[in-house]
Amino acid sequence: MTNDTALVKRSRYAVAAVFCVHGSVTGSFATRVPWIQEHAGVSAGQLGLALAFPALGAAVMMPLAARVSHRFGTRAALRGLLALWTLALILPSLAPGLLTLCAALFVYGGTSGMADVAMNALGIEVEHRLKKSIMSGLHGMWSAGALLGSAVGTVAAHANVSAQVHHAVAAVVLTLIGAVLCHFVLNLHPEEDTEPPARFALPPKSALLIGAVGFCAVFAEGASLDWSAVYLRDVLDSSAGVAAGATTGFALTMAIARLTGDAVVDRFGAVRTVRCSGVIAMLGGLLVVIAPHAIVAMIGFGLIGIGIAVVVPLAFAAAGHTGTNASQAIAGVATITYASGLVAPSIIGGIAQASSLTTSFVVVTALAAGLAIFARVLATRPAATTTAEGRAG
């Protein structure tokens with residue numbers, strides 16, 4: 001094994017662990033939202049408004065990640081941006097009211113988005129050097145981290161540990177772990193004559209098309225995560241325990257599919273994989289819509305999870321191989337997918353209010369069909385690398 005090959009393989013494992021750390025922050029936060037709501041003294045409607053600010057912060061700040069990486073190199077940029085994200089976990093639990101909570105969540109989302117762009121750009125560079133798909137597995141590690149973080153958060157909540165203490169400890173531990181992991185990622189710098197990327201720039205046209213496919217997947221993900229339990233309870237008259245099982249099953253199938261998805265992508269290619277995935281997600285949506293019993297709907301949500309699992313990782317990979325600045329293209333795709341995650345729950349609720357929750361999942365099924373129809377935009381073409389070095393020291 002050559003030194004370069006060993007370096008790239010080591011970087012792959014380090015980036016995978018970074019994805020896990022990133023996901024752990026999200027899981028840690030999600031489990032303590034009720035505590036944060038009570039501490040801040042906000043109503044359900046006000047909380048819904050506040051929870052829009054992470055996506056807003058991400059959309060505003062993600063384009064800056066490319067410039068940070070250009071100036072400081074990928075290793076230092078990821079170390080700094082990841083530390084900002086892990087430490088930002090502390091802020092929401094300190095907010096005493098609505099305005100401060102919105103500001104804290106704006107920073108929380110903005111640092112999340114910038115770290116997201118940096119780690120995905122590095123993952124794509126490693127994938128390019130290994131000449132095989134790894135992005136699905138990386139995002140699977142993010143899902144595993146989210147499950148780990150939520151498990152620890154659940155234990156802390158049951159032990160009546162305040163979110164301030166829980167998040168402070170988690171932030172310090174995850175920051176230290178992240179700093180160590182970033183020492184082992186590729187240290188890439190642009191060519192000397194490369195112009196720095198703009199501070200803010202519209203995503204390239206190719207990223208818009210790729211982002212549209214990602215939008216469909218993330219819309220189905222947000223709808224399923226936020227509404228699957230409600231669907232079983234309200235439409236199929238299921239118990240609270242059974243209804244919650246639908247959400248858990250969806251999350252688990254998606255995580256498992258991501259962790260095993262790279263082998264499928266290597267075997268069949270991105271386009272064929274997403275076409276088949278779209279069909280699976282569409283069948284899952286149809287089962288949800290026509291389900292006469294909870295078990296059928298739960299199978300449907302599981303199929304949706306399997307069907308959409310690899311789409312966003314492949315969308316990031318396709319953006320990174322467009323031949324333009326990888327971080328800028330990834331930021332464009334990520335902005336669109338973040339927006340999808342923001343609007344999906346509200347749109348589902350609006351359609352349910354105007355018609356029915358079943359009709360809402362007809363829309364989800366239609367978007368899943370769109371994955372199969374427009375999968376061809378995810379065909380990856382290896383981009384010329386813009387970096388000059390990949391040293392470990």
# chains A, B, ... in the order shown; residues from 1 in each chain; ligands from 1
>>> residues_around(residues="A:Ala77", least_positions_apart="4", cutoff="10 Å", atoms="only C-alpha atoms", output="compact mmCIF listing (two decimals) with N, CA, C and O atoms, in the first residue's frame")
# COMPACT_ATOMS: atom_id res chain seq x y z
N ALA A 65 -18.55 28.91 3.38
CA ALA A 65 -17.66 27.78 3.65
C ALA A 65 -16.60 27.62 2.57
O ALA A 65 -15.44 27.29 2.86
N ALA A 66 -16.96 27.86 1.32
CA ALA A 66 -16.00 27.71 0.22
C ALA A 66 -14.85 28.69 0.38
O ALA A 66 -13.68 28.34 0.16
N ARG A 67 -15.16 29.91 0.79
CA ARG A 67 -14.11 30.92 0.95
C ARG A 67 -13.21 30.60 2.14
O ARG A 67 -11.99 30.80 2.08
N VAL A 68 -13.79 30.08 3.22
CA VAL A 68 -12.99 29.70 4.38
C VAL A 68 -12.02 28.58 4.01
O VAL A 68 -10.84 28.61 4.37
N SER A 69 -12.51 27.57 3.29
CA SER A 69 -11.65 26.47 2.88
C SER A 69 -10.56 26.95 1.93
O SER A 69 -9.42 26.46 1.98
N HIS A 70 -10.90 27.88 1.05
CA HIS A 70 -9.92 28.41 0.11
C HIS A 70 -8.79 29.13 0.85
O HIS A 70 -7.61 28.99 0.50
N ARG A 71 -9.14 29.87 1.88
CA ARG A 71 -8.13 30.67 2.58
C ARG A 71 -7.28 29.84 3.53
O ARG A 71 -6.05 30.03 3.62
N PHE A 72 -7.88 28.94 4.26
CA PHE A 72 -7.17 28.25 5.33
C PHE A 72 -6.81 26.80 5.00
O PHE A 72 -6.06 26.17 5.75
N GLY A 73 -7.32 26.27 3.89
CA GLY A 73 -7.11 24.86 3.58
C GLY A 73 -8.20 24.01 4.20
O GLY A 73 -8.87 24.41 5.16
N LEU A 81 -14.69 25.12 11.56
CA LEU A 81 -16.13 25.16 11.34
C LEU A 81 -16.85 24.09 12.16
O LEU A 81 -17.95 24.32 12.67
N LEU A 82 -16.23 22.91 12.29
CA LEU A 82 -16.84 21.86 13.10
C LEU A 82 -16.88 22.27 14.57
O LEU A 82 -17.88 22.02 15.27
N ALA A 83 -15.82 22.92 15.05
CA ALA A 83 -15.80 23.39 16.44
C ALA A 83 -16.88 24.44 16.68
O ALA A 83 -17.55 24.43 17.73
N MET A 114 -22.26 25.46 7.40
CA MET A 114 -20.89 25.65 6.94
C MET A 114 -20.05 24.39 7.18
O MET A 114 -19.28 23.98 6.30
N ALA A 115 -20.20 23.78 8.35
CA ALA A 115 -19.48 22.53 8.60
C ALA A 115 -19.95 21.43 7.66
O ALA A 115 -19.15 20.61 7.19
N ALA A 118 -18.24 21.88 4.29
CA ALA A 118 -16.82 21.54 4.35
C ALA A 118 -16.60 20.03 4.41
O ALA A 118 -15.73 19.49 3.71
N MET A 119 -17.39 19.34 5.21
CA MET A 119 -17.16 17.89 5.34
C MET A 119 -17.64 17.14 4.11
O MET A 119 -17.03 16.14 3.70
N CYS A 182 -10.06 15.80 12.90
CA CYS A 182 -9.68 16.67 11.78
C CYS A 182 -8.18 16.65 11.49
O CYS A 182 -7.75 17.04 10.40
N ASN A 187 -5.30 17.53 3.85
CA ASN A 187 -5.01 18.96 3.98
C ASN A 187 -4.80 19.53 2.58
O ASN A 187 -3.70 19.46 2.03
>>> closest_residue(among="A:Pro34, A:Gly178, A:Gly222, A:Gly110", to="A:Ser346", atoms="only C-alpha atoms")
A:Gly222
>>> closest_residue(among="A:Gln328, A:Thr337, A:Thr100, A:Ser228", to="A:Ile299", atoms="only C-alpha atoms")
A:Ser228
>>> select_by_dssp(residues="stretch 188-380 of chain A", states="helix (DSSP H, G or I)", output="VMD selection string")
chain A and resid 205 to 234 240 to 268 270 to 290 294 to 308 311 to 320 326 to 354 357 to 373 375 to 378
>>> atom_distance(atom1="atom CA of A:Ile290", atom2="atom CA of A:Asp226")
19.5 Å
